[in-house]
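What's in target33.pdb: PDB, C-alpha atoms and all ligand atoms
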ATOM      1  CA  MET T   1     100.777  91.785 111.185  1.00  0.00           C
ATOM      2  CA  ALA T   2      97.341  93.069 110.475  1.00  0.00           C
ATOM      3  CA  PHE T   3      96.692  95.854 108.001  1.00  0.00           C
ATOM      4  CA  GLN T   4      95.999  99.220 109.584  1.00  0.00           C
ATOM      5  CA  LEU T   5      93.386 101.833 108.831  1.00  0.00           C
ATOM      6  CA  ILE T   6      95.774 104.631 107.894  1.00  0.00           C
ATOM      7  CA  SER T   7      95.054 108.055 109.325  1.00  0.00           C
ATOM      8  CA  LEU T   8      93.692 110.734 107.051  1.00  0.00           C
ATOM      9  CA  PRO T   9      96.533 113.024 105.958  1.00  0.00           C
ATOM     10  CA  TYR T  10      94.453 116.069 107.080  1.00  0.00           C
ATOM     11  CA  ASP T  11      91.716 116.919 109.578  1.00  0.00           C
ATOM     12  CA  SER T  12      88.272 115.593 108.735  1.00  0.00           C
ATOM     13  CA  GLU T  13      86.916 119.127 108.167  1.00  0.00           C
ATOM     14  CA  ALA T  14      89.862 120.162 105.996  1.00  0.00           C
ATOM     15  CA  LEU T  15      88.259 119.308 102.651  1.00  0.00           C
ATOM     16  CA  ALA T  16      84.991 121.164 103.264  1.00  0.00           C
ATOM     17  CA  PRO T  17      82.954 122.423 101.562  1.00  0.00           C
ATOM     18  CA  ALA T  18      83.922 120.136  98.678  1.00  0.00           C
ATOM     19  CA  ILE T  19      83.746 117.109 100.997  1.00  0.00           C
ATOM     20  CA  SER T  20      82.230 117.606 104.438  1.00  0.00           C
ATOM     21  CA  ALA T  21      83.628 116.333 107.725  1.00  0.00           C
ATOM     22  CA  GLU T  22      80.537 114.137 108.042  1.00  0.00           C
ATOM     23  CA  THR T  23      81.174 112.452 104.698  1.00  0.00           C
ATOM     24  CA  LEU T  24      84.867 112.041 105.425  1.00  0.00           C
ATOM     25  CA  SER T  25      84.332 110.606 108.893  1.00  0.00           C
ATOM     26  CA  PHE T  26      81.837 108.009 107.633  1.00  0.00           C
ATOM     27  CA  HIS T  27      83.860 107.235 104.517  1.00  0.00           C
ATOM     28  CA  HIS T  28      87.114 106.765 106.413  1.00  0.00           C
ATOM     29  CA  GLY T  29      85.904 105.527 109.779  1.00  0.00           C
ATOM     30  CA  LYS T  30      83.168 103.175 108.531  1.00  0.00           C
ATOM     31  CA  HIS T  31      83.685 102.278 104.874  1.00  0.00           C
ATOM     32  CA  HIS T  32      87.475 102.168 104.675  1.00  0.00           C
ATOM     33  CA  LYS T  33      87.678 100.546 108.106  1.00  0.00           C
ATOM     34  CA  ALA T  34      85.259  97.811 107.047  1.00  0.00           C
ATOM     35  CA  TYR T  35      87.379  96.960 104.006  1.00  0.00           C
ATOM     36  CA  ILE T  36      90.480  96.743 106.207  1.00  0.00           C
ATOM     37  CA  ASP T  37      88.730  94.636 108.834  1.00  0.00           C
ATOM     38  CA  LYS T  38      87.376  92.216 106.228  1.00  0.00           C
ATOM     39  CA  THR T  39      90.784  91.926 104.566  1.00  0.00           C
ATOM     40  CA  ASN T  40      92.395  91.143 107.905  1.00  0.00           C
ATOM     41  CA  ALA T  41      89.728  88.562 108.733  1.00  0.00           C
ATOM     42  CA  ALA T  42      90.197  86.884 105.349  1.00  0.00           C
ATOM     43  CA  VAL T  43      93.995  86.588 105.507  1.00  0.00           C
ATOM     44  CA  GLU T  44      94.248  85.674 109.188  1.00  0.00           C
ATOM     45  CA  GLY T  45      95.843  82.245 109.562  1.00  0.00           C
ATOM     46  CA  THR T  46      96.762  82.020 105.860  1.00  0.00           C
ATOM     47  CA  ASP T  47     100.147  82.480 104.234  1.00  0.00           C
ATOM     48  CA  LEU T  48      99.010  85.953 103.135  1.00  0.00           C
ATOM     49  CA  ALA T  49      98.799  87.114 106.756  1.00  0.00           C
ATOM     50  CA  THR T  50     102.328  88.535 106.599  1.00  0.00           C
ATOM     51  CA  ALA T  51     102.220  89.735 102.991  1.00  0.00           C
ATOM     52  CA  ASP T  52     101.977  93.386 102.012  1.00  0.00           C
ATOM     53  CA  LEU T  53      98.636  94.654 100.741  1.00  0.00           C
ATOM     54  CA  GLU T  54      99.757  94.815  97.118  1.00  0.00           C
ATOM     55  CA  THR T  55     100.738  91.138  97.249  1.00  0.00           C
ATOM     56  CA  VAL T  56      97.361  90.219  98.742  1.00  0.00           C
ATOM     57  CA  ILE T  57      95.582  92.094  95.940  1.00  0.00           C
ATOM     58  CA  ALA T  58      97.651  90.449  93.207  1.00  0.00           C
ATOM     59  CA  SER T  59      97.228  87.031  94.766  1.00  0.00           C
ATOM     60  CA  ALA T  60      93.460  87.378  95.135  1.00  0.00           C
ATOM     61  CA  ARG T  61      92.786  88.842  91.675  1.00  0.00           C
ATOM     62  CA  GLY T  62      90.907  86.274  89.640  1.00  0.00           C
ATOM     63  CA  SER T  63      90.979  83.634  92.350  1.00  0.00           C
ATOM     64  CA  ASN T  64      89.274  85.007  95.480  1.00  0.00           C
ATOM     65  CA  GLN T  65      86.770  87.731  94.617  1.00  0.00           C
ATOM     66  CA  GLY T  66      85.818  88.523  98.205  1.00  0.00           C
ATOM     67  CA  LEU T  67      89.399  89.030  99.324  1.00  0.00           C
ATOM     68  CA  PHE T  68      90.199  90.878  96.124  1.00  0.00           C
ATOM     69  CA  ASN T  69      87.332  93.326  96.606  1.00  0.00           C
ATOM     70  CA  ASN T  70      88.207  94.085 100.217  1.00  0.00           C
ATOM     71  CA  SER T  71      91.976  94.303  99.783  1.00  0.00           C
ATOM     72  CA  ALA T  72      91.694  96.394  96.619  1.00  0.00           C
ATOM     73  CA  GLN T  73      89.202  98.724  98.286  1.00  0.00           C
ATOM     74  CA  SER T  74      91.543  99.021 101.285  1.00  0.00           C
ATOM     75  CA  TRP T  75      94.306 100.131  98.932  1.00  0.00           C
ATOM     76  CA  ASN T  76      92.103 102.353  96.757  1.00  0.00           C
ATOM     77  CA  HIS T  77      90.883 104.345  99.750  1.00  0.00           C
ATOM     78  CA  GLY T  78      94.395 104.907 101.077  1.00  0.00           C
ATOM     79  CA  PHE T  79      95.411 106.146  97.644  1.00  0.00           C
ATOM     80  CA  TYR T  80      92.284 108.322  97.414  1.00  0.00           C
ATOM     81  CA  TRP T  81      92.927 110.078 100.745  1.00  0.00           C
ATOM     82  CA  HIS T  82      96.320 111.090  99.415  1.00  0.00           C
ATOM     83  CA  SER T  83      94.832 112.120  96.077  1.00  0.00           C
ATOM     84  CA  LEU T  84      92.940 114.885  97.908  1.00  0.00           C
ATOM     85  CA  THR T  85      94.344 117.980  99.553  1.00  0.00           C
ATOM     86  CA  PRO T  86      93.019 120.889 101.629  1.00  0.00           C
ATOM     87  CA  GLN T  87      95.366 123.269  99.790  1.00  0.00           C
ATOM     88  CA  ARG T  88      95.057 123.674  96.070  1.00  0.00           C
ATOM     89  CA  ASN T  89      98.432 122.866  94.485  1.00  0.00           C
ATOM     90  CA  ALA T  90      99.938 122.380  91.049  1.00  0.00           C
ATOM     91  CA  PRO T  91     101.668 119.639  89.050  1.00  0.00           C
ATOM     92  CA  SER T  92     105.453 119.559  88.909  1.00  0.00           C
ATOM     93  CA  SER T  93     107.020 120.759  85.684  1.00  0.00           C
ATOM     94  CA  ASP T  94     107.605 117.134  84.641  1.00  0.00           C
ATOM     95  CA  LEU T  95     103.976 116.198  85.244  1.00  0.00           C
ATOM     96  CA  ALA T  96     102.716 119.389  83.613  1.00  0.00           C
ATOM     97  CA  ALA T  97     104.724 118.568  80.475  1.00  0.00           C
ATOM     98  CA  LYS T  98     103.214 115.075  80.330  1.00  0.00           C
ATOM     99  CA  ILE T  99      99.723 116.475  80.875  1.00  0.00           C
ATOM    100  CA  ASP T 100     100.203 118.964  78.047  1.00  0.00           C
ATOM    101  CA  ALA T 101     101.529 116.219  75.771  1.00  0.00           C
ATOM    102  CA  ALA T 102      98.635 113.844  76.446  1.00  0.00           C
ATOM    103  CA  PHE T 103      95.687 116.189  76.950  1.00  0.00           C
ATOM    104  CA  GLY T 104      96.741 119.623  75.703  1.00  0.00           C
ATOM    105  CA  SER T 105      96.393 121.372  79.052  1.00  0.00           C
ATOM    106  CA  LEU T 106      95.541 120.839  82.703  1.00  0.00           C
ATOM    107  CA  ASP T 107      92.102 122.333  82.067  1.00  0.00           C
ATOM    108  CA  ALA T 108      91.504 119.845  79.267  1.00  0.00           C
ATOM    109  CA  LEU T 109      92.574 116.977  81.532  1.00  0.00           C
ATOM    110  CA  THR T 110      90.257 118.057  84.365  1.00  0.00           C
ATOM    111  CA  GLN T 111      87.421 118.417  81.860  1.00  0.00           C
ATOM    112  CA  GLN T 112      88.023 114.862  80.637  1.00  0.00           C
ATOM    113  CA  LEU T 113      88.278 113.527  84.189  1.00  0.00           C
ATOM    114  CA  ALA T 114      84.903 115.135  84.918  1.00  0.00           C
ATOM    115  CA  GLU T 115      83.335 113.646  81.797  1.00  0.00           C
ATOM    116  CA  ARG T 116      84.698 110.163  82.460  1.00  0.00           C
ATOM    117  CA  GLY T 117      83.703 110.337  86.127  1.00  0.00           C
ATOM    118  CA  VAL T 118      80.186 111.499  85.345  1.00  0.00           C
ATOM    119  CA  GLY T 119      79.799 108.903  82.607  1.00  0.00           C
ATOM    120  CA  HIS T 120      81.063 105.979  84.676  1.00  0.00           C
ATOM    121  CA  PHE T 121      78.134 103.640  85.304  1.00  0.00           C
ATOM    122  CA  SER T 122      77.488 102.884  88.973  1.00  0.00           C
ATOM    123  CA  ASN T 123      80.304 102.296  91.472  1.00  0.00           C
ATOM    124  CA  GLY T 124      83.971 102.589  90.674  1.00  0.00           C
ATOM    125  CA  TRP T 125      86.998 104.808  90.356  1.00  0.00           C
ATOM    126  CA  VAL T 126      88.427 107.204  87.804  1.00  0.00           C
ATOM    127  CA  TRP T 127      92.208 107.469  87.647  1.00  0.00           C
ATOM    128  CA  LEU T 128      95.006 109.425  86.096  1.00  0.00           C
ATOM    129  CA  ALA T 129      97.756 106.950  85.260  1.00  0.00           C
ATOM    130  CA  ASP T 130     101.004 106.697  83.367  1.00  0.00           C
ATOM    131  CA  LYS T 131     100.781 103.855  80.864  1.00  0.00           C
ATOM    132  CA  GLY T 132     104.133 103.094  79.337  1.00  0.00           C
ATOM    133  CA  GLY T 133     105.232 106.720  79.513  1.00  0.00           C
ATOM    134  CA  THR T 134     102.006 108.336  78.316  1.00  0.00           C
ATOM    135  CA  LEU T 135      99.340 109.663  80.658  1.00  0.00           C
ATOM    136  CA  SER T 136      95.825 108.305  80.326  1.00  0.00           C
ATOM    137  CA  ILE T 137      92.530 108.356  82.152  1.00  0.00           C
ATOM    138  CA  GLU T 138      91.495 104.928  83.394  1.00  0.00           C
ATOM    139  CA  GLU T 139      88.288 103.661  84.982  1.00  0.00           C
ATOM    140  CA  THR T 140      87.859 100.656  87.234  1.00  0.00           C
ATOM    141  CA  HIS T 141      84.527  99.202  88.288  1.00  0.00           C
ATOM    142  CA  ASP T 142      83.380  98.436  91.823  1.00  0.00           C
ATOM    143  CA  GLY T 143      86.449  97.542  93.914  1.00  0.00           C
ATOM    144  CA  ASP T 144      88.823  97.017  91.037  1.00  0.00           C
ATOM    145  CA  THR T 145      92.181  98.757  91.270  1.00  0.00           C
ATOM    146  CA  LEU T 146      95.302  99.674  89.338  1.00  0.00           C
ATOM    147  CA  ALA T 147      97.484  98.792  92.332  1.00  0.00           C
ATOM    148  CA  ASP T 148      98.739  95.469  90.963  1.00  0.00           C
ATOM    149  CA  LEU T 149      98.591  96.236  87.244  1.00  0.00           C
ATOM    150  CA  ASP T 150     101.356  97.259  84.883  1.00  0.00           C
ATOM    151  CA  VAL T 151     100.475 100.962  84.960  1.00  0.00           C
ATOM    152  CA  LEU T 152     101.543 103.753  87.294  1.00  0.00           C
ATOM    153  CA  PRO T 153      98.545 105.275  89.104  1.00  0.00           C
ATOM    154  CA  LEU T 154      99.000 108.995  89.790  1.00  0.00           C
ATOM    155  CA  LEU T 155      95.610 110.045  91.224  1.00  0.00           C
ATOM    156  CA  THR T 156      92.182 108.583  91.794  1.00  0.00           C
ATOM    157  CA  ILE T 157      88.681 109.824  92.576  1.00  0.00           C
ATOM    158  CA  ASP T 158      86.109 107.620  94.308  1.00  0.00           C
ATOM    159  CA  LEU T 159      82.883 107.432  92.295  1.00  0.00           C
ATOM    160  CA  TRP T 160      80.907 105.347  94.785  1.00  0.00           C
ATOM    161  CA  GLU T 161      77.798 107.145  96.059  1.00  0.00           C
ATOM    162  CA  HIS T 162      79.094 106.870  99.635  1.00  0.00           C
ATOM    163  CA  ALA T 163      81.843 109.324  98.606  1.00  0.00           C
ATOM    164  CA  TYR T 164      79.365 112.148  98.001  1.00  0.00           C
ATOM    165  CA  TYR T 165      75.777 111.206  98.885  1.00  0.00           C
ATOM    166  CA  LEU T 166      75.600 113.045 102.215  1.00  0.00           C
ATOM    167  CA  ASP T 167      76.843 116.252 100.583  1.00  0.00           C
ATOM    168  CA  TYR T 168      75.422 116.076  97.081  1.00  0.00           C
ATOM    169  CA  GLN T 169      72.810 113.262  97.138  1.00  0.00           C
ATOM    170  CA  ASN T 170      72.802 111.931  93.568  1.00  0.00           C
ATOM    171  CA  ARG T 171      74.641 114.909  92.059  1.00  0.00           C
ATOM    172  CA  ARG T 172      77.925 113.237  91.130  1.00  0.00           C
ATOM    173  CA  PRO T 173      78.808 116.032  88.651  1.00  0.00           C
ATOM    174  CA  ASP T 174      78.768 118.602  91.487  1.00  0.00           C
ATOM    175  CA  TYR T 175      81.013 116.435  93.688  1.00  0.00           C
ATOM    176  CA  LEU T 176      83.441 115.925  90.823  1.00  0.00           C
ATOM    177  CA  LYS T 177      83.509 119.620  89.969  1.00  0.00           C
ATOM    178  CA  ALA T 178      84.274 120.553  93.583  1.00  0.00           C
ATOM    179  CA  VAL T 179      87.049 117.964  93.851  1.00  0.00           C
ATOM    180  CA  LEU T 180      88.536 118.757  90.450  1.00  0.00           C
ATOM    181  CA  ASP T 181      88.459 122.512  90.996  1.00  0.00           C
ATOM    182  CA  GLU T 182      89.814 122.669  94.542  1.00  0.00           C
ATOM    183  CA  ARG T 183      90.891 119.390  96.101  1.00  0.00           C
ATOM    184  CA  LEU T 184      92.962 117.299  93.731  1.00  0.00           C
ATOM    185  CA  ASN T 185      96.471 116.726  95.063  1.00  0.00           C
ATOM    186  CA  TRP T 186      98.734 117.383  92.082  1.00  0.00           C
ATOM    187  CA  GLU T 187     101.777 117.241  94.363  1.00  0.00           C
ATOM    188  CA  PHE T 188     100.903 113.622  95.197  1.00  0.00           C
ATOM    189  CA  ALA T 189     100.519 112.859  91.480  1.00  0.00           C
ATOM    190  CA  SER T 190     103.884 114.498  90.841  1.00  0.00           C
ATOM    191  CA  GLU T 191     105.518 112.412  93.579  1.00  0.00           C
ATOM    192  CA  ASN T 192     104.072 109.216  92.103  1.00  0.00           C
ATOM    193  CA  LEU T 193     105.358 110.137  88.649  1.00  0.00           C
ATOM    194  CA  ALA T 194     108.818 111.043  89.955  1.00  0.00           C
ATOM    195  CA  ARG T 195     109.107 107.801  91.973  1.00  0.00           C
ATOM    196  CA  GLY T 196     108.091 105.759  88.961  1.00  0.00           C
ATOM    197  CA  THR T 197     106.809 102.868  91.024  1.00  0.00           C
ATOM    198  CA  THR T 198     103.314 102.349  92.374  1.00  0.00           C
ATOM    199  CA  TRP T 199     102.509 103.903  95.746  1.00  0.00           C
ATOM    200  CA  LYS T 200     102.576 101.361  98.556  1.00  0.00           C
ATOM    201  CA  TYR T 201      99.933 101.121 101.247  1.00  0.00           C
ATOM    202  CA  PRO T 202     101.742 101.915 104.545  1.00  0.00           C
ATOM    203  CA  ALA T 203     102.577  98.887 106.670  1.00  0.00           C
TER
HETATM  204 MN    MN T 301      84.736 104.810  98.986  1.00  0.00          MN
END
Could you rewrite the structure in this file as structure tokens?
Ligand code: MN
Amino acid sequence: MAFQLISLPYDSEALAPAISAETLSFHHGKHHKAYIDKTNAAVEGTDLATADLETVIASARGSNQGLFNNSAQSWNHGFYWHSLTPQRNAPSSDLAAKIDAAFGSLDALTQQLAERGVGHFSNGWVWLADKGGTLSIEETHDGDTLADLDVLPLLTIDLWEHAYYLDYQNRRPDYLKAVLDERLNWEFASENLARGTTWKYPA
């Protein structure tokens, strides 16, 4: 069964003005779709054709860079759509306690996410993850992912220019500020923490 381009969990205009409908429609309908299509083309007729996306990613890591890039980017974008929300929300009490323990406060965490995201060179992703019980900020370059690694991803923000160029041109700090202030889905992060296992790309 081929991998599907999952639907956005909100209307395409729902994240404006932080992320416009135009950006979201291109990002989802063109970029994410292309990663899915290329993943499907690469696994068709192989023994990975019936595997789940996480298995494809793990299998391709270090052995098939093209398939790894496209499958990891397919997963990363699904995770990113869920990391955003039209309605500002708050971490669960469990997540809030872990944030306070690791960073001091939610404000301090968002400040550090902004700094890491701004400082990340070129394309990639900035993540909040649980590493062995302690929260940390992680960065991955290009299409790399945490999906198949021994950490629990809680949230991610896309740092590729295609995520913000139509709205902010080169002003990544402004995109990150808008997302961090208004659009980060702390309920999704809380669900990931409570489940304790890595989110799965829907079949
Ligand atoms: Mn992207």
Report as number ranges by chain the residues that result from applying the PyMOL selection byres (((chain T and resi 49-64) around 10) and not hetatm) to the structure here.
-> T: 1-3, 39-48, 65-75, 144-145, 147-149, 198-203
Would you mind exporting the chosen residues as a JSON list (two decimals), in the coordinates of the input, restricted to C-alpha atoms?
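What ended up in selection-v8.json:
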[["chain", "number", "residue", "atom", "x", "y", "z"],
["T", 1, "MET", "CA", 100.78, 91.78, 111.18],
["T", 2, "ALA", "CA", 97.34, 93.07, 110.48],
["T", 3, "PHE", "CA", 96.69, 95.85, 108.00],
["T", 39, "THR", "CA", 90.78, 91.93, 104.57],
["T", 40, "ASN", "CA", 92.40, 91.14, 107.90],
["T", 41, "ALA", "CA", 89.73, 88.56, 108.73],
["T", 42, "ALA", "CA", 90.20, 86.88, 105.35],
["T", 43, "VAL", "CA", 94.00, 86.59, 105.51],
["T", 44, "GLU", "CA", 94.25, 85.67, 109.19],
["T", 45, "GLY", "CA", 95.84, 82.24, 109.56],
["T", 46, "THR", "CA", 96.76, 82.02, 105.86],
["T", 47, "ASP", "CA", 100.15, 82.48, 104.23],
["T", 48, "LEU", "CA", 99.01, 85.95, 103.14],
["T", 65, "GLN", "CA", 86.77, 87.73, 94.62],
["T", 66, "GLY", "CA", 85.82, 88.52, 98.20],
["T", 67, "LEU", "CA", 89.40, 89.03, 99.32],
["T", 68, "PHE", "CA", 90.20, 90.88, 96.12],
["T", 69, "ASN", "CA", 87.33, 93.33, 96.61],
["T", 70, "ASN", "CA", 88.21, 94.08, 100.22],
["T", 71, "SER", "CA", 91.98, 94.30, 99.78],
["T", 72, "ALA", "CA", 91.69, 96.39, 96.62],
["T", 73, "GLN", "CA", 89.20, 98.72, 98.29],
["T", 74, "SER", "CA", 91.54, 99.02, 101.28],
["T", 75, "TRP", "CA", 94.31, 100.13, 98.93],
["T", 144, "ASP", "CA", 88.82, 97.02, 91.04],
["T", 145, "THR", "CA", 92.18, 98.76, 91.27],
["T", 147, "ALA", "CA", 97.48, 98.79, 92.33],
["T", 148, "ASP", "CA", 98.74, 95.47, 90.96],
["T", 149, "LEU", "CA", 98.59, 96.24, 87.24],
["T", 198, "THR", "CA", 103.31, 102.35, 92.37],
["T", 199, "TRP", "CA", 102.51, 103.90, 95.75],
["T", 200, "LYS", "CA", 102.58, 101.36, 98.56],
["T", 201, "TYR", "CA", 99.93, 101.12, 101.25],
["T", 202, "PRO", "CA", 101.74, 101.92, 104.54],
["T", 203, "ALA", "CA", 102.58, 98.89, 106.67]]
Determine, counting all atoms listed in the file, which protein, DNA and RNA residues have an atom within 9 Å of an atom of Leu159 (chain T); residues of the same chain fewer than 2 positions away are not included. Present the result as a list in words.
->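 So, after excluding close chain neighbours, the residues are Gly117, Val118, His120, Ser122, Asn123, Gly124, Trp125, Val126, Ile157, Glu161, His162, Ala163, Tyr164, Arg172 and Leu176 of chain T.
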Would you output that residue set with C-alpha atoms, as a CSV table (one decimal), keeping the file's coordinate frame?
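And here's result_36.csv as it stands now:
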chain,number,residue,atom,x,y,z
T,117,GLY,CA,83.7,110.3,86.1
T,118,VAL,CA,80.2,111.5,85.3
T,120,HIS,CA,81.1,106.0,84.7
T,122,SER,CA,77.5,102.9,89.0
T,123,ASN,CA,80.3,102.3,91.5
T,124,GLY,CA,84.0,102.6,90.7
T,125,TRP,CA,87.0,104.8,90.4
T,126,VAL,CA,88.4,107.2,87.8
T,157,ILE,CA,88.7,109.8,92.6
T,161,GLU,CA,77.8,107.1,96.1
T,162,HIS,CA,79.1,106.9,99.6
T,163,ALA,CA,81.8,109.3,98.6
T,164,TYR,CA,79.4,112.1,98.0
T,172,ARG,CA,77.9,113.2,91.1
T,176,LEU,CA,83.4,115.9,90.8
Closest pair table for chain T residues within 7 Å of ligand MN 301 (chain T), only C-alpha atoms and all ligand atoms, as a tab-separated table:
residue	atom	partner	partner_atom	distance
T:His27	CA	T:MN301	MN	6.1
T:His31	CA	T:MN301	MN	6.5
T:His32	CA	T:MN301	MN	6.8
T:His77	CA	T:MN301	MN	6.2
T:Asp158	CA	T:MN301	MN	5.6
T:Trp160	CA	T:MN301	MN	5.7
T:His162	CA	T:MN301	MN	6.0
T:Ala163	CA	T:MN301	MN	5.4
Selected residues written out, C-alpha atoms, as a PDB file, in the frame of the given file:
ATOM      1  CA  HIS T  27      83.860 107.235 104.517  1.00  0.00           C
ATOM      2  CA  HIS T  31      83.685 102.278 104.874  1.00  0.00           C
ATOM      3  CA  HIS T  32      87.475 102.168 104.675  1.00  0.00           C
ATOM      4  CA  HIS T  77      90.883 104.345  99.750  1.00  0.00           C
ATOM      5  CA  ASP T 158      86.109 107.620  94.308  1.00  0.00           C
ATOM      6  CA  TRP T 160      80.907 105.347  94.785  1.00  0.00           C
ATOM      7  CA  HIS T 162      79.094 106.870  99.635  1.00  0.00           C
ATOM      8  CA  ALA T 163      81.843 109.324  98.606  1.00  0.00           C
TER       9      ALA T 163
END
Written as number ranges by chain, which residues does the PyMOL selection byres (((chain T and resi 178-185) around 9) and not hetatm) give for the file shown?
-> T: 15, 17-19, 82-91, 110-111, 113-114, 155-157, 173-177, 186-190
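Between Lys33 (chain T) and the candidates T:Ala14, T:Ala21, T:Leu8, T:Leu128, the tightest atom-to-atom separation, counting all atoms listed in the file, involves T:Leu8.
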Rank T:Ser25, T:Asn170, T:Thr140, T:Ser105 by their smallest atom-to-atom distance to Trp127 (chain T), using all atoms listed in the file, and report the top residue only.
->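 Using all atoms listed in the file, the shortest distance to Trp127 (chain T) belongs to T:Thr140.
Considering the residues T:Phe26, T:Phe103, T:Tyr35, T:Tyr165 and counting all atoms listed in the file, Gly78 (chain T) has its shortest atom-to-atom contact with T:Tyr35.
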Enter the distance from CA of Ala129 (chain T) to CA of Leu193 (chain T), in Å, rounded to one decimal.
->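 Rounded to one decimal, the two atoms are 8.9 Å apart.
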Just give me the gap between CA of Asp130 (chain T) and CA of Pro153 (chain T) in Å, one decimal is fine.
-> 6.4 Å
Tell me, in Å to one decimal, how far CA of Ile137 (chain T) is from CA of His28 (chain T).
->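 That distance, rounded to one decimal, is 24.9 Å.
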Could you tell me which of T:Phe121, T:Arg195, T:Lys98, T:Arg116 comes closest to Asp142 (chain T) if we count all atoms listed in the file?
->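 Smallest distance to Asp142 (chain T) is found for T:Phe121.
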Of the candidates T:Ser20, T:Leu154, T:Ala194, T:Leu106, which one gets nearest to Phe79 (chain T) if we count all atoms listed in the file?
-> T:Leu154
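With all atoms listed in the file as the basis for measurement, T:Thr134 is the residue among T:Glu115, T:Glu22, T:Pro9, T:Thr134 that approaches Ala102 (chain T) most closely.
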Please write region 80-92 of chain T of the preceding block to a file containing C-alpha atoms, as a PDB file, in the first residue's frame?
ATOM      1  CA  TYR T  80       5.323  19.230  11.711  1.00  0.00           C
ATOM      2  CA  TRP T  81       1.678  19.709  10.676  1.00  0.00           C
ATOM      3  CA  HIS T  82       0.666  18.273  14.026  1.00  0.00           C
ATOM      4  CA  SER T  83       3.246  20.389  15.840  1.00  0.00           C
ATOM      5  CA  LEU T  84       1.287  23.485  14.769  1.00  0.00           C
ATOM      6  CA  THR T  85      -2.134  24.597  15.917  1.00  0.00           C
ATOM      7  CA  PRO T  86      -4.594  27.386  15.082  1.00  0.00           C
ATOM      8  CA  GLN T  87      -5.481  27.707  18.780  1.00  0.00           C
ATOM      9  CA  ARG T  88      -2.808  28.607  21.258  1.00  0.00           C
ATOM     10  CA  ASN T  89      -2.683  25.891  23.935  1.00  0.00           C
ATOM     11  CA  ALA T  90      -0.547  24.879  26.888  1.00  0.00           C
ATOM     12  CA  PRO T  91       1.594  21.927  27.987  1.00  0.00           C
ATOM     13  CA  SER T  92       0.098  19.307  30.278  1.00  0.00           C
TER      14      SER T  92
END
